[in-house]
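**Student:** Below you will find the structure I want to go over with you.
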Protein chains: 2
Amino acid sequence: MYRSHNCGELNESHINNEVTLSGWVQKVRDKGFMVWVDLRDRYGITQLIFDAERTDQTIFEQAQKLGREFVVQVSGTVIERASKNPNLKTGDIEVLVSKLTILNEAQVPPFTIEDETDGGEELRMKYRYLDIRRNPVKNNLIFRHKVTQEVRNYLSTSGFIEVETPYLIKSTPEGARDFVVPSRMNEGQFYALPQSPQTFKQLLMVGGMDKYFQIVKCFRDEDLRADRQPEFTQIDCEMAFVEQEDILNAFEGLTRHLLKEVNGVEIEKFPRITYDEAMSNYGNDKPDIRFGMEFGELNAVAQHKEFKVFNDAELVVGIAVPGGNSFTRKEIDNWIKWVKRPQVGALGMVYSRCNDDGSFKSSVDKFYDQDDLAKWAEVTGAKAGDLICVLSGPKDKVRAQLSALRMELAEQLGLRKPNEFAPLWVMDFPLLEWDEDTNRYHAMHHPFTSPKPGQLELLETDPGAVKANAYDLVLNGNEIGGGSIRIHDKETQALMFDYLGFTPEEAKAQFGFLMDAFQYGAPPHGGLAFGLDRLVSILGGQETIRDFIAFPKNNSGRDVMIDAPAPVDDTQLEELSLKLNLKS
Amino acid sequence: MYRSHNCGELNESHINNEVTLSGWVQKVRDKGFMVWVDLRDRYGITQLIFDAERTDQTIFEQAQKLGREFVVQVSGTVIERASKNPNLKTGDIEVLVSKLTILNEAQVPPFTIEDETDGGEELRMKYRYLDIRRNPVKNNLIFRHKVTQEVRNYLSTSGFIEVETPYLIKSTPEGARDFVVPSRMNEGQFYALPQSPQTFKQLLMVGGMDKYFQIVKCFRDEDLRADRQPEFTQIDCEMAFVEQEDILNAFEGLTRHLLKEVNGVEIEKFPRITYDEAMSNYGNDKPDIRFGMEFGELNAVAQHKEFKVFNDAELVVGIAVPGGNSFTRKEIDNWIKWVKRPQVGALGMVYSRCNDDGSFKSSVDKFYDQDDLAKWAEVTGAKAGDLICVLSGPKDKVRAQLSALRMELAEQLGLRKPNEFAPLWVMDFPLLEWDEDTNRYHAMHHPFTSPKPGQLELLETDPGAVKANAYDLVLNGNEIGGGSIRIHDKETQALMFDYLGFTPEEAKAQFGFLMDAFQYGAPPHGGLAFGLDRLVSILGGQETIRDFIAFPKNNSGRDVMIDAPAPVDDTQLEELSLKLNLKS
C-alpha cells in the first residue's frame with residue numbers, strides 16, 4: 001500500500017494519526033535544524049516536517065537532499081502546525097515523518113511546476129506530462145471530465161443512447177479535406193477518418209434508434225489556424241420524429257443543465273434570432289450578446305449629405321461605445337489605426353463624441369450638424385458619455401469590420417466577462433453559400449440539411465436566398481453547437497447533390513448507401529453537434545481549447561512530445577502498396 | 001409535434017385519450033371491413049385499428065395500401081382491445097385511427113424486420129440500418145450503452161478521470177501492425193492510429209493524474225480472424241501509487257458492479273490462479289471454470305507400462321467427462337475424429353469408461369488393468385458414469401488439444417450456460433514468449449510490463465522463466481481484460497528494450513519521450529484494459545462481438561454498407577505526396 005491518504009485530505013481531525021502519503025516534492029525548505037517539504041499529488045499539498053531532534057538522522061539527511069519533483073513515500077504522525085495556512089485545505093496540520101522512501105528521483109524539470117510557470121508554450125508541450133502536473137492544466141482536464149459526465153448522464157436520462165460509429169469510413173470530396181488511411185488488405189484502397197459521424201447518425205435514425213448521441217473524435221486535414229486541432233471532439237446528437245422546435249428544446253435543456261451544474265448559472269430561456277438579424281445587428285453569425293453595442297444602420301440618416309464616402313457606401317453602420325467619450329484623442333486615433341490594420345481592413349473610421357451636455361463632436365462636423373448627429377445617436381442607442389464609431393463600405397465587409405471592432409472594444413473595456421454566460425440560438429441559416437474559389441454554391445452546413453418548407457423552388461431562381469432549417473447555438477461569441485433538420489427523402493437529397501455539382505454517378509458512389517436507406521422508410525429527423533473542446537473551454541471561462549486537451553498538437557499538426565508524425569519503414573509502405581512521391 | 005406517446009407506453013390507463021404516434025408499419029392485417037396495423041418504434045409495438053364503419057373512408061383506403069416499413073404518423077383514440085395480448089406491453093389497448101399521414105414510403109425490405117429474420121449475414125450487414133430495426137440488434141446496442149454508462153459512472157464515482165488521448169500518434173514496429181495516416185502538412189511523414197493509449201496513459205501517470213480511464217477506439221491492422229475487428233473499443237485504465245493488489249481490487253470491484261447491475265448476479269470474490277496453474281489445470285490461460293473437467297496429469301500413473309505412446313510422451317493428461325459413459329461407441333469415435341481434425345491436431349485419443357459398478361473399460365485394456373484405470377479416475381476426478389479422455393504428446397501441444405476438447409465437450413453438453421458467470425484472475429504471466437517466426441523473445445503483454453521483483457536477473461540466464469506482474473481477467477472462457485504493473489524507471493525500461501532486440505537508437509527514436517518522462521519523477525503505476533466489445537457480448541450472454549457493434553466490418557476489414565475502403569482521387573494522393581505501388 002503506497003498511501004493511506006492523499007495529499008489533499010488531512011486536517012485537524014487526523015491529528016495524532018499515523019499516515020502514509022505518496023507524491024511529488026514540490027518544495028524543500030531547509031533551516032538546518034528543521035526541514036519542511038511540500039508533498040504534492042493530484043488532490044493537494046501536505047506539509048511534511050523533518051526535525052533534527054525528533055527525526056532519525058539518516059532520514060533527516062535524506063530529506064535535506066530531496067530535489068524538486070522527486071517521488072517519495074512517507075509515513076509519520078499528523079501533528080498540528082505551529083503556523084497555520086488558511087489558504088490550504090491541509091493548512092492546519094503537518095506530518096512529522098518517521099519513514100521516507102524515495103520511489104523515484106527526478107532531474108530538475110525544464111520549467112517550474114507552479115500555477116504561474118516560467119515555461120513557454122513549446123517547452124510545455126514537449127514536456128506535456130510535466131505541464132499536466134500544474135494545477136491550471138490538471139484542473140482543466142478534471143473539469144472536462146466533469147462536463148462530459150454531466151452531458152452523458154443528462155442525455156442518458158433523457159432517453160438518448162450512445163452508439164459508437166466507425167472511425168474507418170469512406171473518403172468524400174465534399175466539405176473539408178479528409179485524413180485517409182491506406183488499407184493493406186484492400187490494395188490501392190483507403191479508409192477515411194470521419195469529419196463527423198453525420199451519415200452514420202442519420203442511418204441510425206433510419207434504423208429506428210430515435211435518440212442518439214456520441215462523444216466522439218472527429219478529424220479534419222485543414223491548414224490549421226491558431227487554436228484549431230486536426231483531431232477534435234464532438235458531442236454528436238440526432239433525433240427522429242422531431243421538428244426543429246423539439247431539437248432546440250432538447251439541447252437548450254442540456255446546455256441549461258450544464259450552465260447550472262457546472263457554472264451555477266440559471267438561464268430561463270435562450271433568446272433566438274435569425275441569421276439575418278445576427279448579421280445586421282452584430283455583423284456576425286455568432287454574436288456575443290453579453291454587452292450591447294448593437295449595430296445601428298445609418299444609411300437613412302447619414303447618406304444624402306455632402307460626405308461622399310458615406311454617400312457612395314452600400315452600408316453606413318455604427319455602434320455606441322459605452323463611456324467611450326472618455327477616450328483621449330490619441331486613444332481614438334489608435335482605434336482608427338486598429339480598424340485600418342490589414343487583418344480588419346477598414347479604410348477609415350468616423351466617430352462622434354456624445355458629450356455630457358447632450359452635444360456632439362464628430363470627426364465629420366463639416367458635413368453633419370448637431371441634429372444629424374443626434375439621429376446617429378438615436379439609431380445606435382448612444383447616450384451622453386458614449387462614443388459613436390461608424391464604418392462604411394460594401395455591406396458584408398463593413399459588417400465584418402465593425403464586428404471585429406465591437407469585439408475588440410468589448411475585450412479592452414472588460415465587457416467580455418468570463419463568468420457571465422449569454423447563450424442564444426441563431427436560426428434560419430442560408431442553405432447555400434457562394435464560394436469565390438470554385439465559383440459555385442456550397443452547402444453552408446452540409447449537403448444533408450433540408451431547406452425550409454416551400455423554399456425548395458427558390459433553388460432555381462435565387463439559390464442564395466434559400467433558408468435552411470439550420471441553427472447554431474452560440475455562447476459568449478462562440479459557436480458551441482450547430483445542426484439542422486435533415487433531408488429524409490431520396491428525391492430531395494438527389495436534387496441537393498445535383499445542385500451542389502455532383503453528377504448522379506458521383507452522388508451514388510459517395511452517398512448511395514444513404515439514398516438507398518432513404519428508400520426503406522426514413523423518418524423525419526434532425527440533430528445537432530457541439531464542439532466539446534470549445535464548449536468546455538468557454539464553460540471553464542477560457543477561450544483557448546488547447547488548454548483543455550491533454551495532448552494537443554501544434555499549429556503544424558505535430559505532437560512535439562512524441563514527435564509525430566514521423567517517417568515509416570519502407571516495408572510498411574510496401575505492405576500498403578504505396579511509394580513516397582516527394583515534391584521536395 | 002410528431003408524437004404524444006411512443007409505441008411502447010400506452011395501456012389501459014390511457015383509454016379514451018387522444019394520442020398521436022409515429023413509427024414504422026410492422027404488419028397490416030386487412031379483413032376487408034377492418035384493418036389492423038402494428039405500428040413499431042424503438043419502444044415497442046402498438047396496434048392501430050381502422051374500421052370501415054368508424055373510420056373516414058379515405059383514411060381506411062389509405063390504410064389498406066400501407067406497406068411494410070412505411071413511416072406513418074397517426075392520431076386517434078385509445079380504446080380497449082377486444083382480444084388482449086398479454087405478451088405485449090401495449091396488449092390491452094389499440095388506437096382507433098382518425099388521422100393518418102404517410103411520412104415516408106418504403107420499398108419492400110430485403111429481409112424481414114423480425115426477431116428471427118430471413119436475412120443472411122452479408123445482406124444484414126449491407127443494410128445494417130434495417131438490421132438495427134430488429135429487436136435483437138437494437139437491444140444489444142441499448143445494452144452496450146447501459147454497460148458503458150455503468151462503467152463510466154462507477155469509475156467516476158471511484159475518483160477516476162476520463163481523459164481523451166490522441167488518435168493521431170506515432171507508428172512503432174513493436175507489437176501488431178499499425179494503421180498509418182499520411183500527413184499532408186508534414187511531407188513524407190505519417191501518423192499512426194493507436195493500438196491502445198498505452199504510452200499516453202503512462203504519461204498521464206507521470207503527469208500526476210493518478211486514476212485515469214477512457215473508453216476508447218483502438219486499431220490493429222491484422223489479418224482478421226473470425227470475430228475480430230480492425231477497430232475495437234477498450235475500457236482503458238491506469239492507476240499510480242498502486243501495487244498489483246490495488247489494481248485487482250479496483251477492477252474486480254468494477255466487474256462485480258457490472259455483473260450485479262447488468263446481470264443481477266452477485267459474486268463474492270474472484271478466484272485467482274497463476275498462469276502456470278491455468279495451463280496445467282485447463283491447458284489454457286483463459287479457462288472457463290463454469291464446469292469442472294480439470295486436467296489430471298497421468299504421467300506418474302500411465303507411464304512405465306507397456307504402452308509406448310504414453311511412455312514416449314512428454315505429457316499424458318486426461319479429463320473426466322461428466323456422464324460421458326453414456327456416449328455410444330460411435331459418439332466416442334466421433335470425438336476421436338474431432339481431436340484428430342487438423343485444427344486440433346491430436347494423433348489419437350485414449351478413453352476409459354467408468355461403469356456404474358465401479359469397473360472400467362478402456363481403449364487400452366491391453367496395457368492397463370483395473371487398478372491402473374482406477375488411478376486414472378482418481379487423478380482426473382472421474383466418478384462412475386463418467387468418461388475419461390486422455391491425450392498425450394509434447395506438453396504445450398497436448399494441453400492445447402485437450403483444452404479444445406474440453407471446451408467443445410462442455411459446449412455440446414450444455415455446460416457453458418450463458419446466464420452463469422464465473423470470473424477469475426489469471427496471474428503471474430511470463431514476461432516473455434518465444435516467437436518461432438523471428439526466433440527471439442517477444443514481450444508477452446507489452447514492453448512496458450515490469451518483471452516480478454527480483455526476477456530481472458533471470459533475464460540473463462533463463463528469460464522464458466521470468467514472470468511478470470501481469471494479470472488477465474477471465475470471464476466464462478474469455479479474456480475480458482488484461483494488464484500489468486509497469487516499469488517506471490528509465491534503466492529497467494532501457495534493459496527491457498535491449499532484451500527485446502531494440503538498439504539504443506531505436507528505443508530512443510520510438511519511445512524516447514517515455515524514457516525521458518521516467519527521468520522527471522515517474523510514480524509506480526499499473527493498469528488494465530478491458531475489451532469492451534467482448535465484455536458486452538459476454539455480459540449479454542452471447543459470444544459474437546459483431547452483434548454488439550452498430551456498424552461492424554467483415555472479415556476482410558470492409559464496411560459492406562458504405563463500401564469502404566475505396567480508391568481515392570489522384571489529387572488526394574498527390575497532396576499527400578504518395579503514389580500507388582500496386583503489386584497486382
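We label chains A, B, ... in the order they appear in the C-alpha cells, count residues from 1 in each chain, and number ligands from 1 in the order shown.
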Among region 321-557 of chain A, which ones does DSSP place in helix (DSSP H, G or I), written as an MDAnalysis selection string?
**Tutor:** chainID A and resid 324:326 329:340 370:380 395:412 458:461 463:465 490:499 504:517 532:539 545:548
**Student:** Just write the chosen residues, C-alpha atoms, as a PDB file, in the first residue's frame.
**Tutor:**
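selection.pdb, written as the output of this step:
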```
ATOM      1  CA  GLY A 324     -16.285  55.966 -24.975  1.00  0.00           C
ATOM      2  CA  ASN A 325     -16.286  59.744 -24.783  1.00  0.00           C
ATOM      3  CA  SER A 326     -13.653  59.341 -22.122  1.00  0.00           C
ATOM      4  CA  ARG A 329      -7.878  61.815 -28.999  1.00  0.00           C
ATOM      5  CA  LYS A 330      -4.824  59.574 -29.083  1.00  0.00           C
ATOM      6  CA  GLU A 331      -6.837  56.555 -27.984  1.00  0.00           C
ATOM      7  CA  ILE A 332      -9.398  57.182 -30.682  1.00  0.00           C
ATOM      8  CA  ASP A 333      -6.615  57.537 -33.230  1.00  0.00           C
ATOM      9  CA  ASN A 334      -5.311  54.177 -32.096  1.00  0.00           C
ATOM     10  CA  TRP A 335      -8.698  52.607 -32.683  1.00  0.00           C
ATOM     11  CA  ILE A 336      -8.756  54.170 -36.154  1.00  0.00           C
ATOM     12  CA  LYS A 337      -5.351  52.640 -36.750  1.00  0.00           C
ATOM     13  CA  TRP A 338      -6.690  49.348 -35.396  1.00  0.00           C
ATOM     14  CA  VAL A 339      -9.574  49.139 -37.897  1.00  0.00           C
ATOM     15  CA  LYS A 340      -7.184  50.021 -40.713  1.00  0.00           C
ATOM     16  CA  GLN A 370     -25.934  68.535 -34.266  1.00  0.00           C
ATOM     17  CA  ASP A 371     -29.356  67.374 -35.441  1.00  0.00           C
ATOM     18  CA  ASP A 372     -27.771  64.882 -37.837  1.00  0.00           C
ATOM     19  CA  LEU A 373     -25.546  63.538 -35.094  1.00  0.00           C
ATOM     20  CA  ALA A 374     -28.452  63.317 -32.689  1.00  0.00           C
ATOM     21  CA  LYS A 375     -30.075  60.964 -35.191  1.00  0.00           C
ATOM     22  CA  TRP A 376     -26.895  58.852 -35.260  1.00  0.00           C
ATOM     23  CA  ALA A 377     -27.120  58.645 -31.506  1.00  0.00           C
ATOM     24  CA  GLU A 378     -30.742  57.647 -31.683  1.00  0.00           C
ATOM     25  CA  VAL A 379     -30.106  54.904 -34.215  1.00  0.00           C
ATOM     26  CA  THR A 380     -27.081  53.472 -32.402  1.00  0.00           C
ATOM     27  CA  LYS A 395     -22.282  45.542 -46.719  1.00  0.00           C
ATOM     28  CA  ASP A 396     -20.638  42.209 -45.946  1.00  0.00           C
ATOM     29  CA  LYS A 397     -17.178  43.667 -45.487  1.00  0.00           C
ATOM     30  CA  VAL A 398     -18.181  46.587 -43.350  1.00  0.00           C
ATOM     31  CA  ARG A 399     -20.244  44.356 -41.088  1.00  0.00           C
ATOM     32  CA  ALA A 400     -17.287  42.071 -40.542  1.00  0.00           C
ATOM     33  CA  GLN A 401     -15.070  45.071 -39.826  1.00  0.00           C
ATOM     34  CA  LEU A 402     -17.458  46.665 -37.363  1.00  0.00           C
ATOM     35  CA  SER A 403     -17.990  43.276 -35.691  1.00  0.00           C
ATOM     36  CA  ALA A 404     -14.231  42.954 -35.203  1.00  0.00           C
ATOM     37  CA  LEU A 405     -14.101  46.445 -33.743  1.00  0.00           C
ATOM     38  CA  ARG A 406     -17.056  45.743 -31.463  1.00  0.00           C
ATOM     39  CA  MET A 407     -15.462  42.596 -30.099  1.00  0.00           C
ATOM     40  CA  GLU A 408     -12.062  44.199 -29.580  1.00  0.00           C
ATOM     41  CA  LEU A 409     -13.613  47.210 -27.856  1.00  0.00           C
ATOM     42  CA  ALA A 410     -15.617  44.933 -25.587  1.00  0.00           C
ATOM     43  CA  GLU A 411     -12.481  42.945 -24.811  1.00  0.00           C
ATOM     44  CA  GLN A 412     -10.499  46.079 -23.974  1.00  0.00           C
ATOM     45  CA  LEU A 458     -36.211  29.115 -54.860  1.00  0.00           C
ATOM     46  CA  LEU A 459     -33.157  26.995 -55.622  1.00  0.00           C
ATOM     47  CA  GLU A 460     -33.888  27.550 -59.292  1.00  0.00           C
ATOM     48  CA  THR A 461     -34.286  31.306 -59.180  1.00  0.00           C
ATOM     49  CA  PRO A 463     -30.285  29.917 -54.575  1.00  0.00           C
ATOM     50  CA  GLY A 464     -28.529  32.321 -52.212  1.00  0.00           C
ATOM     51  CA  ALA A 465     -31.871  33.336 -50.706  1.00  0.00           C
ATOM     52  CA  LYS A 490     -34.299  10.362 -51.749  1.00  0.00           C
ATOM     53  CA  GLU A 491     -35.647  12.838 -54.290  1.00  0.00           C
ATOM     54  CA  THR A 492     -34.800  15.968 -52.331  1.00  0.00           C
ATOM     55  CA  GLN A 493     -31.401  14.556 -51.466  1.00  0.00           C
ATOM     56  CA  ALA A 494     -30.704  13.810 -55.120  1.00  0.00           C
ATOM     57  CA  LEU A 495     -31.797  17.346 -56.020  1.00  0.00           C
ATOM     58  CA  MET A 496     -29.432  18.792 -53.422  1.00  0.00           C
ATOM     59  CA  PHE A 497     -26.500  16.768 -54.692  1.00  0.00           C
ATOM     60  CA  ASP A 498     -27.350  17.904 -58.212  1.00  0.00           C
ATOM     61  CA  TYR A 499     -27.364  21.489 -57.000  1.00  0.00           C
ATOM     62  CA  PRO A 504     -25.732  11.325 -60.325  1.00  0.00           C
ATOM     63  CA  GLU A 505     -22.850   8.836 -60.576  1.00  0.00           C
ATOM     64  CA  GLU A 506     -20.752  10.729 -58.051  1.00  0.00           C
ATOM     65  CA  ALA A 507     -23.696  11.069 -55.706  1.00  0.00           C
ATOM     66  CA  LYS A 508     -24.347   7.357 -55.952  1.00  0.00           C
ATOM     67  CA  ALA A 509     -20.702   6.377 -55.496  1.00  0.00           C
ATOM     68  CA  GLN A 510     -20.268   8.539 -52.417  1.00  0.00           C
ATOM     69  CA  PHE A 511     -23.660   8.604 -50.762  1.00  0.00           C
ATOM     70  CA  GLY A 512     -25.556   5.810 -52.491  1.00  0.00           C
ATOM     71  CA  PHE A 513     -25.919   3.950 -49.191  1.00  0.00           C
ATOM     72  CA  LEU A 514     -27.681   6.943 -47.645  1.00  0.00           C
ATOM     73  CA  MET A 515     -30.048   7.444 -50.573  1.00  0.00           C
ATOM     74  CA  ASP A 516     -30.742   3.718 -50.589  1.00  0.00           C
ATOM     75  CA  ALA A 517     -31.537   3.938 -46.905  1.00  0.00           C
ATOM     76  CA  LEU A 532     -16.747  19.757 -26.987  1.00  0.00           C
ATOM     77  CA  ASP A 533     -13.292  21.344 -26.846  1.00  0.00           C
ATOM     78  CA  ARG A 534     -14.797  24.795 -27.374  1.00  0.00           C
ATOM     79  CA  LEU A 535     -17.774  24.187 -25.095  1.00  0.00           C
ATOM     80  CA  VAL A 536     -15.580  23.047 -22.241  1.00  0.00           C
ATOM     81  CA  SER A 537     -13.165  25.931 -22.595  1.00  0.00           C
ATOM     82  CA  ILE A 538     -15.966  28.507 -22.587  1.00  0.00           C
ATOM     83  CA  LEU A 539     -17.724  26.918 -19.626  1.00  0.00           C
ATOM     84  CA  ILE A 545      -9.169  24.993 -26.433  1.00  0.00           C
ATOM     85  CA  ARG A 546      -5.613  23.664 -26.278  1.00  0.00           C
ATOM     86  CA  ASP A 547      -5.604  24.219 -22.534  1.00  0.00           C
ATOM     87  CA  PHE A 548      -8.449  21.716 -22.229  1.00  0.00           C
TER      88      PHE A 548
END
```
**Student:** Identify, on the basis of only C-alpha atoms, every residue whose closest approach to region 237-245 of chain B does not exceed 6 Å; exclude the query and any residue fewer than 6 positions from it along the same chain; express the result as a ChimeraX atom specification.
**Tutor:** /A:2 /B:205,210-213,524-529
**Student:** Filtering to N, CA, C and O atoms, could you give me those residues as a PDB file, in the first residue's frame?
**Tutor:**
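Result file selection27.pdb:
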```pdb
ATOM      1  N   TYR A   2       0.679   2.074  -1.052  1.00  0.00           N
ATOM      2  CA  TYR A   2       1.547   3.233  -1.182  1.00  0.00           C
ATOM      3  C   TYR A   2       1.074   4.428  -0.358  1.00  0.00           C
ATOM      4  O   TYR A   2       1.822   5.357  -0.151  1.00  0.00           O
TER       5      TYR A   2
ATOM      6  N   MET B 205       0.118   9.189 -15.860  1.00  0.00           N
ATOM      7  CA  MET B 205       0.553   8.830 -14.508  1.00  0.00           C
ATOM      8  C   MET B 205       1.760   9.686 -14.110  1.00  0.00           C
ATOM      9  O   MET B 205       1.808  10.209 -12.994  1.00  0.00           O
ATOM     10  N   ASP B 210      -3.654  10.413 -11.217  1.00  0.00           N
ATOM     11  CA  ASP B 210      -3.364   9.069 -10.702  1.00  0.00           C
ATOM     12  C   ASP B 210      -4.451   8.012 -10.882  1.00  0.00           C
ATOM     13  O   ASP B 210      -4.227   6.842 -10.594  1.00  0.00           O
ATOM     14  N   LYS B 211      -5.633   8.424 -11.319  1.00  0.00           N
ATOM     15  CA  LYS B 211      -6.654   7.421 -11.654  1.00  0.00           C
ATOM     16  C   LYS B 211      -7.276   7.840 -12.976  1.00  0.00           C
ATOM     17  O   LYS B 211      -8.079   8.776 -13.030  1.00  0.00           O
ATOM     18  N   TYR B 212      -6.896   7.153 -14.015  1.00  0.00           N
ATOM     19  CA  TYR B 212      -7.330   7.501 -15.368  1.00  0.00           C
ATOM     20  C   TYR B 212      -8.168   6.380 -15.949  1.00  0.00           C
ATOM     21  O   TYR B 212      -7.911   5.209 -15.704  1.00  0.00           O
ATOM     22  N   PHE B 213      -9.178   6.748 -16.724  1.00  0.00           N
ATOM     23  CA  PHE B 213      -9.798   5.755 -17.589  1.00  0.00           C
ATOM     24  C   PHE B 213     -10.222   6.422 -18.875  1.00  0.00           C
ATOM     25  O   PHE B 213     -10.278   7.655 -18.989  1.00  0.00           O
ATOM     26  N   PRO B 524       5.319   4.846  -9.293  1.00  0.00           N
ATOM     27  CA  PRO B 524       4.957   3.457  -9.593  1.00  0.00           C
ATOM     28  C   PRO B 524       3.520   3.431 -10.116  1.00  0.00           C
ATOM     29  O   PRO B 524       2.666   4.170  -9.605  1.00  0.00           O
ATOM     30  N   HIS B 525       3.260   2.640 -11.121  1.00  0.00           N
ATOM     31  CA  HIS B 525       1.911   2.642 -11.700  1.00  0.00           C
ATOM     32  C   HIS B 525       1.631   1.348 -12.431  1.00  0.00           C
ATOM     33  O   HIS B 525       2.542   0.569 -12.711  1.00  0.00           O
ATOM     34  N   GLY B 526       0.383   1.150 -12.731  1.00  0.00           N
ATOM     35  CA  GLY B 526      -0.039  -0.043 -13.452  1.00  0.00           C
ATOM     36  C   GLY B 526      -1.480   0.109 -13.865  1.00  0.00           C
ATOM     37  O   GLY B 526      -2.141   1.078 -13.492  1.00  0.00           O
ATOM     38  N   GLY B 527      -1.972  -0.834 -14.623  1.00  0.00           N
ATOM     39  CA  GLY B 527      -3.344  -0.666 -15.083  1.00  0.00           C
ATOM     40  C   GLY B 527      -3.889  -1.905 -15.730  1.00  0.00           C
ATOM     41  O   GLY B 527      -3.360  -3.017 -15.555  1.00  0.00           O
ATOM     42  N   LEU B 528      -4.909  -1.664 -16.485  1.00  0.00           N
ATOM     43  CA  LEU B 528      -5.665  -2.765 -17.067  1.00  0.00           C
ATOM     44  C   LEU B 528      -6.511  -2.201 -18.197  1.00  0.00           C
ATOM     45  O   LEU B 528      -6.906  -1.042 -18.166  1.00  0.00           O
ATOM     46  N   ALA B 529      -6.748  -3.019 -19.197  1.00  0.00           N
ATOM     47  CA  ALA B 529      -7.680  -2.616 -20.249  1.00  0.00           C
ATOM     48  C   ALA B 529      -8.669  -3.750 -20.485  1.00  0.00           C
ATOM     49  O   ALA B 529      -8.280  -4.915 -20.574  1.00  0.00           O
TER      50      ALA B 529
END
```
**Student:** For Ile319 (chain A), work out the shell of residues within 6 Å, counting only C-alpha atoms and skipping chain neighbours fewer than 3 positions away, then give it as a PyMOL selection string.
**Tutor:** chain A and resi 293+295+380+388-389
**Student:** Using the selection just defined, write its residues with C-alpha atoms as a PDB file, in the first residue's frame.
**Tutor:**
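out24.pdb, written as the output of this step:
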```
ATOM      1  CA  MET A 293     -23.235  47.833 -28.788  1.00  0.00           C
ATOM      2  CA  PHE A 295     -25.249  47.871 -34.827  1.00  0.00           C
ATOM      3  CA  THR A 380     -27.081  53.472 -32.402  1.00  0.00           C
ATOM      4  CA  ILE A 388     -20.234  56.508 -31.752  1.00  0.00           C
ATOM      5  CA  CYS A 389     -17.939  54.649 -34.133  1.00  0.00           C
TER       6      CYS A 389
END
```
**Student:** If the cut-off is 6 Å, can you tell me the residues of chain A near chain B, counting only C-alpha atoms? I'd like them as JSON, numbers by chain.
**Tutor:** {"A": [2, 42, 69, 70, 71, 104, 105, 106, 107, 129, 130, 132, 133, 145, 162, 169, 170, 181, 189, 190, 191, 203, 207, 208, 241, 513, 519, 520, 521, 562, 564, 565, 566, 567, 577, 578, 579, 580, 581, 582]}
**Student:** Please compute the CA of Ile45 (chain B)-CA of Thr101 (chain B) distance, one decimal, in Å.
**Tutor:** 17.9 Å
**Student:** Quick one: distance from CA of Phe502 (chain B) to CA of Gly483 (chain B) in Å, one decimal?
**Tutor:** 22.7 Å
**Student:** Show which residues sit within 6 Å of region 5-16 of chain A, as a VMD selection string. Count only C-alpha atoms, and ignore same-chain residues fewer than 6 positions away.
**Tutor:** chain A and resid 41 43 to 46 77 to 79 90 93
**Student:** Record the distance separating CA of Leu475 (chain B) and CA of Leu424 (chain B), expressed in Å with one decimal.
**Tutor:** 6.6 Å
**Student:** From region 337-442 of chain B, collect each residue whose DSSP state is strand (DSSP E) and return the set as a tab-separated table (two decimals) with N, CA and C atoms, in the first residue's frame.
**Tutor:**
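Contents of selection_37.tsv, as written:
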```
chain	number	residue	atom	x	y	z
B	350	VAL	N	-7.14	-41.71	-26.16
B	350	VAL	CA	-7.40	-42.90	-25.37
B	350	VAL	C	-8.56	-42.57	-24.43
B	351	TYR	N	-9.42	-43.56	-24.18
B	351	TYR	CA	-10.51	-43.26	-23.25
B	351	TYR	C	-10.72	-44.42	-22.29
B	352	SER	N	-11.37	-44.13	-21.21
B	352	SER	CA	-11.75	-45.19	-20.28
B	352	SER	C	-13.16	-44.90	-19.78
B	353	ARG	N	-14.04	-45.84	-20.01
B	353	ARG	CA	-15.41	-45.73	-19.49
B	353	ARG	C	-15.39	-46.03	-17.99
B	354	CYS	N	-16.14	-45.22	-17.22
B	354	CYS	CA	-16.27	-45.51	-15.79
B	354	CYS	C	-17.67	-46.07	-15.58
B	360	PHE	N	-13.95	-50.40	-14.97
B	360	PHE	CA	-13.54	-49.53	-16.06
B	360	PHE	C	-13.43	-50.34	-17.34
B	361	LYS	N	-13.65	-49.65	-18.44
B	361	LYS	CA	-13.45	-50.31	-19.74
B	361	LYS	C	-12.75	-49.28	-20.62
B	362	SER	N	-11.49	-49.57	-20.94
B	362	SER	CA	-10.73	-48.56	-21.68
B	362	SER	C	-10.36	-49.04	-23.06
B	387	LEU	N	-16.69	-40.44	-18.39
B	387	LEU	CA	-15.77	-40.96	-19.40
B	387	LEU	C	-14.45	-40.21	-19.25
B	388	ILE	N	-13.36	-40.95	-19.16
B	388	ILE	CA	-12.06	-40.30	-19.08
B	388	ILE	C	-11.48	-40.24	-20.49
B	389	CYS	N	-11.12	-39.03	-20.91
B	389	CYS	CA	-10.49	-38.85	-22.22
B	389	CYS	C	-9.03	-38.47	-21.97
B	390	VAL	N	-8.12	-39.15	-22.65
B	390	VAL	CA	-6.70	-38.94	-22.40
B	390	VAL	C	-5.97	-38.64	-23.71
B	391	LEU	N	-5.19	-37.56	-23.66
B	391	LEU	CA	-4.32	-37.24	-24.80
B	391	LEU	C	-2.88	-37.26	-24.32
B	392	SER	N	-1.96	-37.42	-25.27
B	392	SER	CA	-0.55	-37.42	-24.89
B	392	SER	C	0.27	-36.80	-26.00
B	393	GLY	N	1.46	-36.33	-25.63
B	393	GLY	CA	2.33	-35.72	-26.63
B	393	GLY	C	3.19	-34.64	-25.99
B	423	PRO	N	-16.15	-15.40	-13.22
B	423	PRO	CA	-14.92	-14.64	-13.45
B	423	PRO	C	-13.76	-15.18	-12.62
B	424	LEU	N	-12.56	-14.98	-13.09
B	424	LEU	CA	-11.37	-15.28	-12.28
B	424	LEU	C	-10.19	-14.46	-12.77
B	425	TRP	N	-9.20	-14.32	-11.90
B	425	TRP	CA	-7.95	-13.68	-12.29
B	425	TRP	C	-6.94	-14.76	-12.63
B	426	VAL	N	-6.26	-14.58	-13.74
B	426	VAL	CA	-5.09	-15.40	-14.04
B	426	VAL	C	-3.87	-14.49	-13.87
B	427	MET	N	-2.93	-14.91	-13.04
B	427	MET	CA	-1.85	-14.03	-12.59
B	427	MET	C	-0.49	-14.57	-13.01
B	432	LEU	N	8.06	-12.87	-21.08
B	432	LEU	CA	8.43	-13.00	-22.49
B	432	LEU	C	7.83	-14.27	-23.08
B	433	GLU	N	7.63	-14.25	-24.36
B	433	GLU	CA	7.29	-15.52	-25.00
B	433	GLU	C	8.16	-15.68	-26.24
B	434	TRP	N	8.48	-16.90	-26.52
B	434	TRP	CA	9.35	-17.20	-27.64
B	434	TRP	C	8.55	-17.11	-28.94
B	435	ASP	N	9.13	-16.44	-29.92
B	435	ASP	CA	8.46	-16.33	-31.20
B	435	ASP	C	9.21	-17.16	-32.23
B	440	ARG	N	13.16	-15.14	-31.62
B	440	ARG	CA	13.61	-14.39	-30.44
B	440	ARG	C	12.42	-14.22	-29.49
B	441	TYR	N	12.74	-13.69	-28.32
B	441	TYR	CA	11.69	-13.44	-27.34
B	441	TYR	C	10.94	-12.15	-27.65
B	442	HIS	N	9.64	-12.21	-27.45
B	442	HIS	CA	8.81	-11.01	-27.54
B	442	HIS	C	8.19	-10.75	-26.18
```
